[in-house]
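*Asks:* Here it is, the structure in full.
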Amino acid sequence: MAERWVHSLSFFLVMVALHRADASVPAMFILGDSIADVGTNSLLPFSFIRADFPYNGIDCPSSQPTGRFSNGFNIVDFIGYQSNSFQISPPPFLSLVNSQSSMDKQFPKGVSFASGGSGLLDETGKYFGVVPLGQQIQQFATVQSNLTAAIGSEETEKMLSESLFLISSGSNDIISRFPIIGGLTNEDFIERLSDAYDNYIKGQSLFKLGARKFAIVGVPAIECCPMSRLSDDNDNCNKEMNEYARDFQTTLTALLQKLRSDYEEMKYSLGNVYEITTDIIDNPPALNFKDVKSACCGTGRLNATFPCLQPIATVCSNRDDYLFWDLVHPTQHAAQLAAQTLYSGPPSLVFPINFSQLVEDD
C-alpha cells in the first residue's frame, strides 16, 4: 500500500508542478504552530521559540531570517501562492496592530496568527512565551470586529464565508506528551485534543465568527523527525509517538465529518500530512530526497542535538536533498511538495476534497 502511494504521489507531483488555481479567495487566515508561523514569535519579546536568527531564511530572496522555521518559505507561503491570491503568506497579526492604516489595508486580505510552539491545549508551550490557539482565535475576533466596523456586517459575513481558514495544530501537543509522566491514557489524551479542536471550530468559535472554509493540515510523522529519532539508539522512528499521530489523524477525520453533518454551511479539507511525510521517508529517491533522517542545519548526532543557530550549527549545502531543515521542521523543498499535494492531491492524501476544490467551492 505504502509503495503504491509513493509512486502515485511522485507521478502526481510531476504533473501539477506549481500550477496556480483559476479560482481565488478574498482572504487567508492562518492559525496554528511553527509549520505556519511567518514571524509571529519574532514579535514576542519573551518567546523562547523563535527563528529570527541565521541560518533560518538562508534561501529567502534576502538570505535573511524572516521568522519562518525554515531555510526559505514554508507550507503556507506555497498554499497562498497556489490559491492565486497571494505571492506568500499574509503577514503576522502582531506586525499590524500598532497601525490602524495597516490593519485597514491588510485585514480584508487576511493575516497570520500562527505561533511556533503553540498547540491545541493551552498548557502546550505555556512556559515558552507563545500564542496558544485559543488566544489566536481571540485575535481573529479583533479582526472580525474591525472588518465589521469598516465594511459592515453583511459584507464582512460574505467575505469571511468565502475566505480560507488554514489550521495547523496538534504536533506540539503530542511532542510535549513525551516522556509520558502519568496522567491520561493515550485514548483520553487524543480525546482531549479532539475536544479542543471541536471547541475552537464550533464552540468559541471560528464558525460563529464567520469562518466557513477550513483547510486543515494534519499532524505529520513527527515520530520520524531528527529530534524524535534521537530517542532510539539506531536512529529509528519513535514507535509510541507514531501511535499518537495516527490515532489523532483518525479522530480528527471523524470529528470533521461530524461537524460537516451538523453544519451544512461548513466546508473542509483535511490534509493527511502523516501519509505525505511517510511516503517520502519510505522511498526518498522517488521524490528526489537523499536524506530523510538528519537535519540539514544543527550539530551533533543527526545534526539534531542543538538548534540551527549560527555559528554553532553547521548547515548543509544541498538543502533540497533533505526532508528536515532542523530538529523538527521541513525544508523549503519539502514544504513545497507538501503544499502541492494538499492543494491538488488525491482523496487518499487530502479528504474529502483537496484545498483547490475547497477554494473553488461556492
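By convention in this document, the chains of the C-alpha cells carry letters A, B, ... by their order, each chain's residues are numbered from 1, and ligands are numbered from 1 in the order they are shown.
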I want to know what sits within 8 Å of segment 265-282 of chain A, based on only C-alpha atoms, with residues of the same chain fewer than 6 positions away left out; could you give that as an MDAnalysis selection string?
*Replies:* chainID A and resid 2:3 5:6 9 207 212:221 245:246 249 253 256 259 289 292 338 341:342 348:355 358
*Asks:* Excluding Glu157 of chain A and any residue of its chain fewer than 6 positions from it, enumerate the residues within 12 Å of it, using only C-alpha atoms, and give them as a PyMOL selection string.
*Replies:* chain A and resi 108+144-145+147-148+151+163+207-212
*Asks:* Give me the residues near Leu337 of chain A as a PyMOL selection string, where near means some atom within 9 Å (using only C-alpha atoms) and where sequence neighbours in that chain fewer than 2 positions away do not count.
*Replies:* chain A and resi 13+17+75+287+332-335+339-342
*Asks:* Between A:Val143, A:Leu94, A:Ala51, A:Ala313, which is the closest to Ala295 of chain A once you count only C-alpha atoms?
*Replies:*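 Of the candidates, the smallest distance to Ala295 of chain A is held by A:Ala313.
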*Asks:* If you run DSSP on the backbone here, which positions in segment 108-357 of chain A get alpha helix (DSSP H)? Please write them as a PyMOL selection string.
*Replies:* chain A and resi 133-151+153-162+171-176+186-198+226-229+239-262+273-282+332-344+355-357
*Asks:* Among the residues of segment 142-352 of chain A, find those DSSP assigns to strand (DSSP E or B) from the backbone and print them as a ChimeraX atom specification.
*Replies:* /A:164-168,213-217,267-271,291-295,297-299,306,314-315,322-324,330,350-351
*Asks:* Using only C-alpha atoms, determine which residues lie at most 7 Å from Phe324 of chain A, disregarding the query and same-chain residues fewer than 3 positions distant; provide the list as a list of chain:residue names.
*Replies:*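 Counting only C-alpha atoms, the residues come to A:Val292, A:Ser294, A:Ala295, A:Cys296, A:Val328, A:His329, A:Pro330, A:Thr331.
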*Asks:* Neighbours of Phe73 of chain A within 7 Å (only C-alpha atoms; same-chain residues fewer than 3 positions away dropped), as a PyMOL selection string?
*Replies:* chain A and resi 60+70+77+332
*Asks:* Write out as a count of residues only the residues lying within 10 Å of segment 33-46 of chain A, counting only C-alpha atoms and excluding same-chain residues fewer than 2 positions away.
*Replies:* 55
